[in-house]
$ cat run_13.txt   # compact mmCIF, C-alpha atoms and all ligand atoms
# COMPACT_ATOMS: atom_id res chain seq x y z
CA MET W 78 130.64 157.96 60.60
CA LYS W 79 131.11 155.12 58.16
CA ILE W 80 132.15 151.79 59.66
CA ASN W 81 133.61 149.18 57.34
CA LEU W 82 132.33 145.94 58.84
CA ASP W 83 133.28 143.70 55.93
CA THR W 84 131.67 140.74 57.71
CA GLU W 85 129.95 137.64 56.34
CA VAL W 86 126.23 137.83 57.00
CA LEU W 87 126.34 134.25 58.21
CA THR W 88 129.16 134.86 60.70
CA ASP W 89 127.08 133.64 63.66
CA ASN W 90 126.00 130.53 61.83
CA ASN W 91 129.56 129.79 60.86
CA ALA W 92 130.70 130.14 64.47
CA ALA W 93 128.02 127.71 65.60
CA ALA W 94 129.01 125.35 62.78
CA LYS W 95 132.59 125.41 64.02
CA PHE W 96 131.39 124.58 67.54
CA ASN W 97 129.45 121.60 66.15
CA ARG W 98 132.33 120.47 63.97
CA ASP W 99 134.78 120.54 66.86
CA LEU W 100 132.45 118.32 68.89
CA PHE W 101 131.89 115.89 66.03
CA THR W 102 135.60 115.73 65.32
CA LYS W 103 136.45 115.09 68.96
CA HIS W 104 134.18 112.04 68.95
CA LYS W 105 135.03 111.01 65.41
CA THR W 106 131.37 110.98 64.49
CA LEU W 107 130.76 111.06 60.74
CA VAL W 108 128.13 113.71 59.99
CA VAL W 109 126.30 113.82 56.66
CA ASN W 110 123.93 116.67 55.76
CA LEU W 111 121.28 115.40 53.31
CA MET W 112 119.50 118.01 51.22
CA SER W 113 116.86 117.79 48.49
CA SER W 114 113.49 119.02 47.27
CA PRO W 115 110.48 117.86 49.26
CA GLY W 116 109.78 114.21 48.52
CA ALA W 117 113.00 113.37 46.66
CA GLY W 118 113.47 110.46 49.03
CA LYS W 119 115.69 111.54 51.94
CA THR W 120 113.82 109.63 54.64
CA THR W 121 113.40 106.54 52.47
CA LEU W 122 117.13 106.46 51.73
CA LEU W 123 117.85 106.83 55.45
CA GLU W 124 115.49 103.93 56.23
CA LYS W 125 117.33 101.74 53.73
CA THR W 126 120.69 102.87 55.04
CA ILE W 127 119.81 102.12 58.64
CA ALA W 128 118.38 98.74 57.68
CA ALA W 129 121.64 97.88 55.90
CA LEU W 130 124.22 99.42 58.26
CA GLY W 131 122.40 99.60 61.60
CA LYS W 132 124.04 96.46 63.00
CA GLU W 133 127.57 97.44 62.04
CA TYR W 134 127.36 101.13 62.98
CA SER W 135 125.55 103.08 65.63
CA ILE W 136 123.49 105.56 63.62
CA GLY W 137 121.71 108.71 64.78
CA VAL W 138 119.46 110.99 62.77
CA ILE W 139 118.47 114.64 63.13
CA GLU W 140 115.26 115.26 61.23
CA GLY W 141 114.53 118.77 60.05
CA ASP W 142 110.92 119.42 59.19
CA LEU W 143 108.53 122.32 58.91
CA ALA W 144 106.09 120.96 61.46
CA THR W 145 105.65 117.23 62.08
CA GLU W 146 107.39 114.32 63.82
CA LYS W 147 106.54 111.93 60.99
CA ASP W 148 110.02 111.42 59.56
CA ALA W 149 111.59 110.95 63.00
CA ASP W 150 108.97 108.31 63.79
CA ARG W 151 109.89 106.43 60.60
CA ILE W 152 113.53 106.36 61.74
CA ARG W 153 112.68 105.34 65.31
CA ALA W 154 110.61 102.47 63.96
CA LEU W 155 113.92 100.98 62.77
CA GLY W 156 115.45 101.26 66.22
CA ALA W 157 117.75 104.20 65.50
CA LYS W 158 117.92 107.30 67.64
CA ALA W 159 116.16 110.22 65.98
CA VAL W 160 115.68 113.80 67.12
CA GLN W 161 113.18 116.01 65.37
CA ILE W 162 113.78 119.71 64.85
CA ASN W 163 110.67 121.59 63.81
CA THR W 164 111.57 124.82 62.09
CA ASN W 165 107.99 126.15 62.40
CA GLY W 166 107.90 127.12 58.77
CA GLY W 167 111.61 127.95 58.49
CA CYS W 168 112.99 126.76 55.18
CA HIS W 169 116.34 125.35 56.35
CA LEU W 170 118.26 124.06 59.35
CA ASP W 171 120.98 126.30 60.74
CA ALA W 172 123.97 125.43 62.89
CA ARG W 173 122.44 126.82 66.08
CA MET W 174 119.46 124.49 65.77
CA ILE W 175 121.87 121.56 65.50
CA ALA W 176 123.94 122.80 68.45
CA LYS W 177 120.80 122.85 70.61
CA VAL W 178 120.04 119.15 70.05
CA ILE W 179 123.57 117.69 69.94
CA ASP W 180 123.39 116.85 73.65
CA GLU W 181 120.57 114.45 73.00
CA PHE W 182 123.06 112.14 71.28
CA ASP W 183 125.80 110.22 73.01
CA LEU W 184 128.38 111.20 70.39
CA GLU W 185 131.03 108.93 71.86
CA LYS W 186 128.78 106.02 70.94
CA THR W 187 127.44 107.47 67.69
CA ASP W 188 129.40 106.40 64.61
CA ILE W 189 127.33 108.16 61.98
CA LEU W 190 124.94 111.07 62.35
CA PHE W 191 122.70 111.89 59.41
CA ILE W 192 121.00 115.26 59.23
CA GLU W 193 117.90 115.31 57.04
CA ASN W 194 117.52 118.95 56.10
CA VAL W 195 114.19 120.63 55.35
CA GLY W 196 112.97 119.73 51.84
CA ASN W 197 114.16 122.71 49.77
CA LEU W 198 116.77 123.04 47.03
CA VAL W 199 117.67 126.65 47.78
CA CYS W 200 117.99 127.73 51.39
CA PRO W 201 119.70 124.76 53.11
CA SER W 202 122.70 125.03 50.77
CA GLY W 203 123.83 128.29 52.38
CA TYR W 204 124.13 126.99 55.92
CA ASP W 205 127.15 125.13 57.19
CA LEU W 206 125.94 122.84 59.99
CA GLY W 207 129.37 121.51 60.94
CA GLN W 208 128.95 118.35 58.87
CA ASN W 209 131.74 116.38 57.22
CA HIS W 210 129.84 115.95 53.97
CA LYS W 211 127.00 117.63 52.15
CA VAL W 212 124.97 115.37 49.90
CA ALA W 213 122.18 116.38 47.52
CA ILE W 214 119.45 113.97 46.55
CA LEU W 215 117.80 114.61 43.21
CA SER W 216 114.95 112.39 42.09
CA VAL W 217 114.05 111.40 38.55
CA PRO W 218 110.49 112.88 38.54
CA GLU W 219 111.90 116.35 39.31
CA GLY W 220 113.36 116.49 35.81
CA ASN W 221 116.65 117.21 34.16
CA ASP W 222 116.78 120.94 34.63
CA LYS W 223 117.23 121.02 38.41
CA ILE W 224 121.03 120.93 38.39
CA PRO W 225 121.51 124.07 36.24
CA LYS W 226 118.49 125.73 37.89
CA TYR W 227 119.86 125.36 41.40
CA PRO W 228 123.61 125.80 40.83
CA VAL W 229 124.30 126.91 44.39
CA MET W 230 123.07 123.65 45.87
CA PHE W 231 125.03 121.53 43.42
CA ARG W 232 128.18 123.61 43.77
CA ARG W 233 128.21 123.14 47.51
CA THR W 234 127.56 119.40 47.64
CA GLU W 235 130.18 116.79 46.86
CA LEU W 236 127.83 113.96 46.00
CA VAL W 237 124.52 113.78 44.20
CA VAL W 238 122.34 110.74 44.75
CA LEU W 239 120.08 110.44 41.73
CA ASN W 240 117.13 108.64 43.35
CA LYS W 241 114.07 106.87 41.91
CA ILE W 242 115.93 105.50 38.89
CA ASP W 243 113.27 102.76 38.80
CA LEU W 244 111.11 105.47 37.19
CA LEU W 245 113.55 106.19 34.33
CA PRO W 246 111.65 104.04 31.80
CA TYR W 247 108.51 106.13 32.33
CA LEU W 248 110.00 109.63 32.30
CA ASP W 249 112.29 111.47 29.92
CA PHE W 250 115.08 112.15 32.38
CA ASP W 251 118.44 112.27 30.58
CA VAL W 252 121.02 110.91 33.02
CA ASP W 253 124.02 111.69 30.79
CA MET W 254 122.87 115.30 30.51
CA ALA W 255 122.53 115.48 34.31
CA ILE W 256 126.10 114.20 34.69
CA GLU W 257 127.36 116.74 32.13
CA ASP W 258 125.50 119.57 33.87
CA LEU W 259 126.90 118.50 37.21
CA LYS W 260 130.44 118.38 35.87
CA GLY W 261 129.90 121.83 34.37
CA ILE W 262 128.82 123.27 37.70
CA ASN W 263 130.98 121.29 40.10
CA PRO W 264 133.75 119.23 38.49
CA GLU W 265 134.60 117.58 41.82
CA SER W 266 131.11 116.25 42.44
CA LYS W 267 130.11 112.62 42.00
CA LEU W 268 126.76 111.13 41.04
CA ILE W 269 125.35 107.83 42.26
CA ARG W 270 122.29 106.38 40.52
CA LEU W 271 120.00 104.71 42.96
CA SER W 272 116.52 103.45 43.61
CA SER W 273 115.46 103.27 47.23
CA LYS W 274 112.55 101.19 46.01
CA THR W 275 114.37 98.41 44.13
CA GLU W 276 117.65 99.03 45.99
CA GLU W 277 119.56 99.20 42.71
CA GLY W 278 122.66 101.30 43.36
CA LEU W 279 122.21 101.14 47.13
CA ASP W 280 125.52 99.30 47.54
CA GLU W 281 127.41 102.13 45.90
CA TRP W 282 125.90 104.58 48.38
CA LEU W 283 126.65 102.29 51.33
CA THR W 284 130.25 101.93 50.13
CA TRP W 285 130.55 105.71 49.92
CA ILE W 286 129.33 106.04 53.53
CA LYS W 287 131.65 103.29 54.81
CA GLU W 288 134.62 104.85 53.05
CA ALA W 289 133.83 108.26 54.47
CA TYR W 290 133.60 106.70 57.92
CA ARG W 291 136.89 104.84 57.51
CA ASN W 292 138.69 107.94 56.23
CA LEU W 293 137.48 109.87 59.25
CA GLN W 294 138.71 107.26 61.72
CA GLU W 295 142.14 107.24 60.09
CA GLN W 296 142.58 111.00 60.34
CA MET E 278 112.93 132.32 50.84
CA HIS E 279 114.76 132.95 54.08
CA GLU E 280 115.43 136.65 53.64
CA MET E 281 113.59 137.37 56.90
CA ALA E 282 116.12 135.24 58.78
CA LEU E 283 118.98 136.86 56.87
CA ARG E 284 117.66 140.28 57.77
CA GLY E 285 117.89 139.22 61.42
CA ASP E 286 121.54 138.22 60.96
CA ILE E 287 122.36 141.47 59.17
CA LEU E 288 120.67 143.64 61.80
CA GLN E 289 122.34 141.80 64.65
CA LEU E 290 125.79 142.37 63.18
CA VAL E 291 125.09 146.06 62.69
CA GLU E 292 123.30 146.61 66.02
CA ASN E 293 126.04 144.88 68.03
CA ASP E 294 128.75 146.93 66.43
CA ALA E 295 126.78 150.18 66.65
CA ARG E 296 126.03 149.66 70.36
CA SER E 297 129.67 148.89 71.09
CA ARG E 298 130.50 152.33 69.69
CA ASN E 299 127.67 154.01 71.59
CA PHE E 300 125.98 155.15 68.40
CA LYS E 301 122.45 156.42 68.79
CA GLN E 302 121.32 155.66 65.27
CA VAL E 303 122.27 153.93 62.05
CA ASP E 304 121.52 155.75 58.81
CA LYS E 305 122.65 153.38 56.12
CA VAL E 306 123.58 149.71 55.73
CA GLU E 307 125.52 148.52 52.67
CA LEU E 308 125.55 144.88 51.59
CA ILE E 309 127.39 142.96 48.92
CA VAL E 310 125.16 140.25 47.47
CA GLY E 311 126.62 137.83 44.95
CA ASP E 312 124.55 136.40 42.09
CA LEU E 313 125.36 132.93 43.43
CA SER E 314 124.83 133.64 47.11
CA ASN E 315 121.21 132.45 47.19
CA ALA E 316 120.10 135.73 48.73
CA MET E 317 117.66 137.72 46.62
CA PRO E 318 118.09 141.50 46.66
CA ASP E 319 114.38 142.18 46.08
CA ALA E 320 113.34 139.90 48.88
CA LEU E 321 115.92 141.49 51.19
CA GLU E 322 114.50 144.94 50.39
CA MET E 323 111.08 143.64 51.25
CA ALA E 324 112.28 142.08 54.48
CA PHE E 325 113.72 145.44 55.50
CA ASP E 326 110.48 147.23 54.62
CA VAL E 327 108.62 144.86 56.92
CA PHE E 328 111.19 145.51 59.64
CA ARG E 329 110.83 149.30 59.38
CA ALA E 330 107.07 149.07 59.53
CA ARG E 331 107.26 147.14 62.78
CA GLY E 332 108.91 149.82 64.86
CA LEU E 333 110.96 147.67 67.23
CA GLY E 334 113.02 150.55 68.57
CA MET E 335 116.29 149.35 67.10
CA LEU E 336 119.11 151.69 66.12
CA SER E 337 118.95 150.71 62.47
CA GLU E 338 115.22 151.20 62.15
CA GLY E 339 115.50 154.23 59.91
CA ALA E 340 118.49 152.96 57.99
CA GLN E 341 118.56 153.04 54.23
CA LEU E 342 119.52 149.70 52.67
CA VAL E 343 122.01 149.78 49.81
CA ILE E 344 122.68 146.52 47.97
CA HIS E 345 125.73 146.16 45.74
CA LYS E 346 125.29 143.17 43.48
CA GLU E 347 128.35 141.09 42.71
CA ALA E 348 128.25 139.41 39.32
CA ALA E 349 129.49 135.86 38.88
CA ARG E 350 132.99 135.56 37.34
CA SER E 351 135.04 132.46 36.57
CA LYS E 352 138.69 131.95 35.79
CA CYS E 353 140.25 128.99 34.01
CA VAL E 354 143.01 127.18 35.92
CA ILE E 355 144.54 125.97 32.66
CA CYS E 356 144.62 128.99 30.34
CA GLY E 357 143.91 131.80 32.81
CA HIS E 358 140.96 133.09 30.80
CA GLU E 359 138.43 135.08 32.85
CA TYR E 360 134.83 134.90 31.80
CA THR E 361 131.24 135.57 32.82
CA PRO E 362 129.91 132.07 33.38
CA ASP E 363 126.69 130.72 31.95
CA ARG E 364 124.77 127.73 33.31
CA ARG E 365 127.76 125.39 33.25
CA LEU E 366 129.90 127.84 35.10
CA SER E 367 133.00 125.63 35.37
CA ILE E 368 133.34 125.14 31.62
CA CYS E 369 136.05 127.43 30.25
CA PRO E 370 134.82 128.75 26.88
CA GLU E 371 138.43 128.73 25.56
CA CYS E 372 139.41 125.21 26.63
CA ALA E 373 135.92 123.61 26.65
CA LEU E 374 136.98 121.80 29.82
CA PRO E 375 135.59 121.94 33.38
CA SER E 376 138.65 123.94 34.36
CA GLY E 377 136.95 127.17 35.37
CA ARG E 378 136.74 128.18 39.01
CA LEU E 379 134.39 130.79 40.38
CA ILE E 380 136.30 133.87 41.51
CA ALA E 381 133.33 136.15 42.27
CA GLY E 382 129.61 135.89 42.82
CA GLU E 383 129.35 134.00 46.09
CA THR E 384 129.91 136.92 48.45
CA PHE E 385 127.25 137.76 50.98
CA LYS E 386 128.56 140.40 53.33
CA VAL E 387 127.70 143.45 55.33
CA GLN E 388 130.19 145.80 53.74
CA SER E 389 129.65 148.87 55.90
CA TYR E 390 127.17 151.00 57.77
CA GLU E 391 126.87 154.63 58.73
CA GLY E 392 126.15 155.45 62.34
CA SER E 393 126.28 158.39 64.68
N1 LIG G 1 109.46 104.94 42.83
C1 LIG G 1 110.21 105.33 43.85
N2 LIG G 1 109.66 106.01 44.88
C2 LIG G 1 110.46 106.41 45.89
C3 LIG G 1 111.85 106.15 45.90
N3 LIG G 1 112.39 106.70 47.02
C4 LIG G 1 111.36 107.27 47.69
N4 LIG G 1 110.19 107.09 47.02
C5 LIG G 1 108.85 107.60 47.40
O1 LIG G 1 108.86 109.01 47.35
C6 LIG G 1 108.00 109.55 48.37
C7 LIG G 1 108.76 110.56 49.21
O2 LIG G 1 109.82 109.91 49.89
P1 LIG G 1 110.45 110.45 51.24
O3 LIG G 1 111.56 109.55 51.58
O4 LIG G 1 109.40 110.68 52.27
O5 LIG G 1 111.00 111.86 50.75
P2 LIG G 1 111.68 113.02 51.61
O6 LIG G 1 112.73 113.62 50.74
O7 LIG G 1 112.10 112.50 52.92
O8 LIG G 1 110.46 114.03 51.77
P3 LIG G 1 110.35 115.30 52.76
O9 LIG G 1 110.94 114.93 54.06
O10 LIG G 1 108.87 115.54 52.84
O11 LIG G 1 111.06 116.43 52.08
C8 LIG G 1 107.51 108.36 49.16
O12 LIG G 1 106.24 108.03 48.71
C9 LIG G 1 108.52 107.27 48.83
O13 LIG G 1 107.97 105.97 48.94
C10 LIG G 1 112.41 105.43 44.78
O14 LIG G 1 113.62 105.15 44.69
N5 LIG G 1 111.54 105.06 43.80
MG MG G 2 111.67 113.22 54.83
ZN ZN G 3 140.76 127.65 29.71
$ encode --input "run_13.txt" --output "structure tokens" --more "lines below"
Ligand SMILES: Nc1nc2c(ncn2[C@@H]2O[C@H](COP(=O)(O)OP(=O)(O)OP(=O)(O)O)[C@@H](O)[C@H]2O)c(=O)[nH]1
Ligand SMILES: [Mg+2]
Ligand SMILES: [Zn+2]
Amino acid sequence: MKINLDTEVLTDNNAAAKFNRDLFTKHKTLVVNLMSSPGAGKTTLLEKTIAALGKEYSIGVIEGDLATEKDADRIRALGAKAVQINTNGGCHLDARMIAKVIDEFDLEKTDILFIENVGNLVCPSGYDLGQNHKVAILSVPEGNDKIPKYPVMFRRTELVVLNKIDLLPYLDFDVDMAIEDLKGINPESKLIRLSSKTEEGLDEWLTWIKEAYRNLQEQ
Amino acid sequence: MHEMALRGDILQLVENDARSRNFKQVDKVELIVGDLSNAMPDALEMAFDVFRARGLGMLSEGAQLVIHKEAARSKCVICGHEYTPDRRLSICPECALPSGRLIAGETFKVQSYEGS
């Protein structure tokens, strides 16, 4: 007998994501899912963000990593609450993993929760975690071709942080081309140029976060 | 990449439904996999081969996997033109504007299965 299931493969994940989202919404916690290749600068940007906003906002971080606690330790060193999820080789975080650690945060007192996904430009893009915003970080040394090469990631994120722009003078990364490619793949997406090293462009990112937070509180 | 995990999701959907109908076996599982779904048909096939070799005693262990690929298609919101997108998939080739919206290619579904 043929049974027409006609069901999304990620049905379970999407149900868990809804569970997470309902909790986050109830507490008006802004949740940002940060995705990038390994080493593009997710943790460094989070360090800078916490240093700049940590007094004004209560910030929590969920760190996704293949094996270590290293990134969570970097966040804790700045006095923010960080919970590490080790995927034991898994290439992405899924909504169930997030659901399992949500209780470790006092959401009522958490204004902003950042989720640093596992470094990977492919797999994390498919999984809704229940976040308000998905952000991709692309770094200058990765080269120009990443946006057209990984269209799924850039279609499903609403903001691209182009990090390590301090390296632009040494590499032939064409920023205008990246912006054109991005527009061609996802016309709604925005790009912020930034260096976590020199902090050029950091203000624009911080403004984006604050606006997202304000919009959420007004809903 | 994560086709092993996806295989787990697919099998769980099928097994749960098959058990609820008191089926004793599943003979075939049909998927729709879009070009822009991030799931790779070849890797899925391989993940299922590994699963069969393991012999876990699941209903779908002997099931044949059939993958229907869904090609990417875009449609322009300005002129209505439908086209097969290239790298810049939102650019309508008629209008040369980012006015194209994907209408197919992102699906990743279990379409059906055969059980008895
Ligand atoms: N030149 C330069 N280096 C940077 C910048 N941002 C980060 N880095 C360096 O890039 C390296 C990787 O940064 P991380 O922040 O650990 O990157 P990540 O994305 O968290 O890496 P994974 O968690 O391993 O995927 C570190 O050596 C950083 O110091 C930047 O804006 N400019
Ligand atoms: Mg990191
Ligand atoms: Zn058109």
$ closest_residue --input "run_13.txt" --among "W:Ala255, W:Val160, W:Leu236, W:Val229" --to "chain E" --atoms "all atoms listed in the file"
W:Val229
$ interface_residues --input "run_13.txt" --of "chain W" --to "chain E" --cutoff "7 Å" --atoms "all atoms listed in the file" --output "PDB file with C-alpha atoms, in the coordinates of the input"
ATOM      1  CA  MET W  78     130.640 157.960  60.600  1.00  0.00           C
ATOM      2  CA  LYS W  79     131.110 155.120  58.160  1.00  0.00           C
ATOM      3  CA  ILE W  80     132.150 151.790  59.660  1.00  0.00           C
ATOM      4  CA  ASN W  81     133.610 149.180  57.340  1.00  0.00           C
ATOM      5  CA  LEU W  82     132.330 145.940  58.840  1.00  0.00           C
ATOM      6  CA  ASP W  83     133.280 143.700  55.930  1.00  0.00           C
ATOM      7  CA  THR W  84     131.670 140.740  57.710  1.00  0.00           C
ATOM      8  CA  GLU W  85     129.950 137.640  56.340  1.00  0.00           C
ATOM      9  CA  VAL W  86     126.230 137.830  57.000  1.00  0.00           C
ATOM     10  CA  LEU W  87     126.340 134.250  58.210  1.00  0.00           C
ATOM     11  CA  CYS W 168     112.990 126.760  55.180  1.00  0.00           C
ATOM     12  CA  VAL W 199     117.670 126.650  47.780  1.00  0.00           C
ATOM     13  CA  CYS W 200     117.990 127.730  51.390  1.00  0.00           C
ATOM     14  CA  PRO W 225     121.510 124.070  36.240  1.00  0.00           C
ATOM     15  CA  VAL W 229     124.300 126.910  44.390  1.00  0.00           C
ATOM     16  CA  ASP W 258     125.500 119.570  33.870  1.00  0.00           C
ATOM     17  CA  LYS W 260     130.440 118.380  35.870  1.00  0.00           C
ATOM     18  CA  GLY W 261     129.900 121.830  34.370  1.00  0.00           C
ATOM     19  CA  ILE W 262     128.820 123.270  37.700  1.00  0.00           C
ATOM     20  CA  ASN W 263     130.980 121.290  40.100  1.00  0.00           C
ATOM     21  CA  PRO W 264     133.750 119.230  38.490  1.00  0.00           C
TER      22      PRO W 264
END
$ residues_near_point --input "run_13.txt" --point "(108.8, 111.3, 61.6)" --cutoff "12 Å" --atoms "all atoms listed in the file" --output "VMD selection string"
chain W and resid 119 to 121 123 to 124 138 to 155 158 to 163 193
$ residues_around --input "run_13.txt" --residues "Val237 in chain W" --least-positions-apart "3" --cutoff "8 Å" --atoms "only C-alpha atoms" --output "PyMOL selection string"
chain W and resi 212-215+231+234+266-269
$ residues_near_ligand --input "run_13.txt" --ligand "ligand LIG 1 (chain G)" --cutoff "6 Å" --atoms "only C-alpha atoms and all ligand atoms" --output "number ranges by chain"
W: 114-121, 196, 240-241, 243-244, 272-274
$ atom_distance --input "run_13.txt" --atom1 "CA of His345 in chain E" --atom2 "CA of Gly332 in chain E"
25.7 Å
$ residues_near_ligand --input "run_13.txt" --ligand "ligand ZN 3 (chain G)" --cutoff "6 Å" --atoms "all atoms listed in the file" --output "list of chain:residue names"
E:Cys353, E:Ile355, E:Cys356, E:His358, E:Cys369, E:Glu371, E:Cys372
$ residues_around --input "run_13.txt" --residues "Ala381 in chain E" --least-positions-apart "5" --cutoff "8 Å" --atoms "all atoms listed in the file" --output "ChimeraX atom specification"
/E:311,347-351
$ decode --input "run_13.txt" --residues "range 98-120 of chain W" --atoms "N, CA and C atoms" --output "short mmCIF file (atom, residue, chain, number, x, y, z; two decimals), in the first residue's frame"
data_model
loop_
_atom_site.label_atom_id
_atom_site.label_comp_id
_atom_site.auth_asym_id
_atom_site.auth_seq_id
_atom_site.Cartn_x
_atom_site.Cartn_y
_atom_site.Cartn_z
N ARG W 98 11.11 28.99 19.99
CA ARG W 98 10.68 30.34 19.61
C ARG W 98 9.59 30.85 20.56
N ASP W 99 8.66 29.97 20.91
CA ASP W 99 7.60 30.37 21.83
C ASP W 99 8.18 30.81 23.18
N LEU W 100 9.18 30.06 23.65
CA LEU W 100 9.82 30.42 24.92
C LEU W 100 10.54 31.77 24.81
N PHE W 101 11.30 31.93 23.74
CA PHE W 101 12.05 33.18 23.56
C PHE W 101 11.09 34.35 23.46
N THR W 102 10.01 34.15 22.73
CA THR W 102 9.04 35.23 22.53
C THR W 102 8.38 35.62 23.84
N LYS W 103 8.05 34.61 24.63
CA LYS W 103 7.40 34.85 25.92
C LYS W 103 8.28 35.76 26.79
N HIS W 104 9.58 35.55 26.73
CA HIS W 104 10.49 36.34 27.57
C HIS W 104 11.09 37.53 26.85
N LYS W 105 10.66 37.72 25.61
CA LYS W 105 11.19 38.82 24.80
C LYS W 105 12.72 38.82 24.74
N THR W 106 13.27 37.64 24.63
CA THR W 106 14.72 37.52 24.46
C THR W 106 15.04 37.55 22.97
N LEU W 107 15.95 38.44 22.59
CA LEU W 107 16.38 38.50 21.19
C LEU W 107 17.37 37.37 20.93
N VAL W 108 17.11 36.54 19.94
CA VAL W 108 17.99 35.41 19.67
C VAL W 108 18.58 35.51 18.26
N VAL W 109 19.89 35.51 18.19
CA VAL W 109 20.60 35.67 16.91
C VAL W 109 21.46 34.43 16.66
N ASN W 110 21.24 33.79 15.54
CA ASN W 110 21.97 32.58 15.14
C ASN W 110 23.09 32.99 14.18
N LEU W 111 24.34 32.87 14.67
CA LEU W 111 25.51 33.30 13.88
C LEU W 111 26.13 32.11 13.17
N MET W 112 26.26 32.21 11.86
CA MET W 112 26.80 31.09 11.08
C MET W 112 27.95 31.57 10.19
N SER W 113 28.93 30.71 10.00
CA SER W 113 30.05 31.05 9.11
C SER W 113 30.92 29.82 8.89
N SER W 114 31.92 29.97 8.03
CA SER W 114 32.97 28.95 7.90
C SER W 114 33.78 28.93 9.19
N PRO W 115 34.54 27.86 9.41
CA PRO W 115 35.44 27.86 10.57
C PRO W 115 36.40 29.04 10.49
N GLY W 116 36.54 29.76 11.58
CA GLY W 116 37.56 30.80 11.64
C GLY W 116 37.21 32.13 11.02
N ALA W 117 35.97 32.32 10.59
CA ALA W 117 35.59 33.59 9.97
C ALA W 117 35.53 34.72 11.00
N GLY W 118 35.41 34.34 12.26
CA GLY W 118 35.46 35.36 13.31
C GLY W 118 34.21 35.47 14.17
N LYS W 119 33.46 34.40 14.31
CA LYS W 119 32.23 34.44 15.11
C LYS W 119 32.53 34.77 16.57
N THR W 120 33.46 34.02 17.16
CA THR W 120 33.73 34.21 18.59
C THR W 120 34.35 35.59 18.85
#
